[in-house]
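Read through the structure below, which is laid out as structure tokens, and then see the notes.
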Amino acid sequence: MNNHKKYYSLFLCLIIIFLLSACQNKVSNVASSSNTTLSTEDNNSMSISVESIVNSETNIESSISETLSIESESSESDNVSDITIIEVAKEVSIENSYMILKAKMPQIKSNLNQELYDAINYEIKQKFEQDLESAKKDAMEEYDAFNATNETVALENLPASYSPMLVDIYYTIKCNDSNYFSMEFTTTTTRANASYSTIFFNVDKKQNKRITLNDIFGDNFLTIITDKVNDQIEELKKTNDWAYIEGTDPKLFIKNTFFYINENHQSVVVFDKYTLAVGAAGVLQFIIEK
């Protein structure tokens, strides 16, 4: 009887041990499965987070790049200057018994405001053609008149000596930078004395317009310029007193467009011969500081 109890007790112990072992394995599997699931979810979550961060950084970089690009384009546009190029549009050379002529007609090209310079080009063309035809006509008429009043020299059988008219049509660039464009266009005719006609073109590139003395010195420009010219003449008289006509008022000869801008951005007012001084003094020019 006692032996049966021992075997029964041993059997119960084995069953308990088996059940405990089985429970432990199950718990272990569940824990392992749970850990795997958690790990997978964590990995997926981390992967999504990393991808989001990468995409976010990419979007930020793209946004910054676009912003910089826009700012760069705006900056480049703001800094673009009016670049003016001067070309010789037409050149004429004549040399015969009554005339020696050299003429160049400029054409101005711009990268920003061509319409403004086209108007100037038109004025230049008009003056060029008029002065050219006028010079030809005057030279021919003068030559014909000379021949009509001078008989052939009998011994040499040659016409009396005749000096052909000298004509020069040309332009001079006074200033051409990012601030101003200034040009003088002149026709000079030489016989016993030289005579000339000229026009000036002055452009403020920052304002994209042609400018006058009124624009630079204001409505009182005549008085301002007159005072400054008189002061300079008084200084010049100390060395060339003979040249200047006493009592002449510069205000009477100041023209609103008869000036140019030099390379130092100073306004240079021009006076024709015989206005403020004798003819030998030539064309007078005065720098007028603002």
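Ordering of the structure tokens sets the chain letters (A, B, ...); residue numbers start at 1 within each chain; ligands are numbered from 1 in the order shown.
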Subject >> Selection near Gln232 in chain A, 12 Å with only C-alpha atoms, sequence-local residues under 2 positions removed, as a PyMOL selection string >> reply: chain A and resi 225-230+234-240+244+250+284-289
Got time to write the residues from that selection, C-alpha atoms, as a PDB file, in the first residue's frame?
ATOM      1  CA  ILE A 225      25.342 128.759 -64.754  1.00  0.00           C
ATOM      2  CA  THR A 226      25.740 132.461 -65.572  1.00  0.00           C
ATOM      3  CA  ASP A 227      27.243 133.183 -62.152  1.00  0.00           C
ATOM      4  CA  LYS A 228      29.679 130.281 -62.422  1.00  0.00           C
ATOM      5  CA  VAL A 229      30.717 131.204 -65.982  1.00  0.00           C
ATOM      6  CA  ASN A 230      31.329 134.848 -64.977  1.00  0.00           C
ATOM      7  CA  GLU A 234      37.244 136.691 -64.375  1.00  0.00           C
ATOM      8  CA  GLU A 235      39.979 134.165 -63.612  1.00  0.00           C
ATOM      9  CA  LEU A 236      40.737 133.619 -67.301  1.00  0.00           C
ATOM     10  CA  LYS A 237      41.003 137.358 -67.910  1.00  0.00           C
ATOM     11  CA  LYS A 238      44.058 137.458 -65.700  1.00  0.00           C
ATOM     12  CA  THR A 239      46.010 135.726 -68.470  1.00  0.00           C
ATOM     13  CA  ASN A 240      43.883 136.364 -71.608  1.00  0.00           C
ATOM     14  CA  TYR A 244      36.797 138.197 -73.825  1.00  0.00           C
ATOM     15  CA  PRO A 250      26.457 134.591 -70.757  1.00  0.00           C
ATOM     16  CA  LEU A 284      34.420 128.135 -75.199  1.00  0.00           C
ATOM     17  CA  GLN A 285      33.695 125.421 -72.658  1.00  0.00           C
ATOM     18  CA  PHE A 286      33.072 125.789 -68.922  1.00  0.00           C
ATOM     19  CA  ILE A 287      32.812 123.015 -66.335  1.00  0.00           C
ATOM     20  CA  ILE A 288      29.842 123.759 -64.090  1.00  0.00           C
ATOM     21  CA  GLU A 289      29.880 121.959 -60.757  1.00  0.00           C
TER      22      GLU A 289
END
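Once Lys273 in chain A and its same-chain neighbours fewer than 6 positions away are set aside, A:Ser195, A:Tyr196, A:Gly279, A:Ala280, A:Ala281, A:Gly282, A:Val283, A:Leu284 remain within 10 Å of it when counting only C-alpha atoms.
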**OP:** Determine, counting only C-alpha atoms, which protein, DNA and RNA residues have an atom within 10 Å of an atom of Lys206 in chain A; residues of the same chain fewer than 5 positions away are not included. Present the result as an NGL selection string.
**Re:** :A and (81-82 or 178-180)
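Among the candidates A:Lys109, A:Lys174, A:His265, A:Lys136, the residue lying nearest to Thr189 in chain A is A:Lys136 (atoms considered: only C-alpha atoms).
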Original post:
Could you pull the residues within 9 Å of Ile86 in chain A, counting only C-alpha atoms, minus those fewer than 3 positions along the same chain, as a VMD selection string?
Top reply: chain A and resid 89 106 to 109 173
Subject >> Nearest candidate to Asn111 in chain A (options A:Leu252, A:Lys205, A:Asn96, A:Thr149; using only C-alpha atoms) >> reply: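 For Asn111 in chain A, the nearest of the given residues is A:Lys205.
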**OP:** List every residue of range 107-284 of chain A that DSSP, applied to the backbone of this structure, assigns to strand (DSSP E), and report them as JSON, numbers by chain.
**Re:** {"A": [107, 108, 109, 110, 165, 166, 167, 168, 169, 170, 171, 172, 173, 174, 175, 176, 180, 181, 182, 183, 184, 185, 186, 187, 188, 189, 190, 194, 195, 196, 197, 198, 199, 200, 201, 202, 203, 204, 209, 210, 259, 260, 261, 267, 268, 269, 270, 271, 284]}
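Nearest residue to Arg210 in chain A, choosing from A:Asn256, A:Asn193, A:Thr223, A:Thr187 and counting only C-alpha atoms: A:Asn256.
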**OP:** Kindly give the distance, in Å, that separates CA of Ile94 in chain A and CA of Val167 in chain A, rounded to a single decimal.
**Re:** 9.4 Å
Original post:
Mind pulling up the distance from CA of Asp168 in chain A to CA of Val269 in chain A?
Top reply: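 Spanning CA of Val269 in chain A to CA of Asp168 in chain A is a straight-line distance of 22.8 Å.
A straight line drawn from CA of Asp144 in chain A to CA of Phe128 in chain A is 24.3 Å long.
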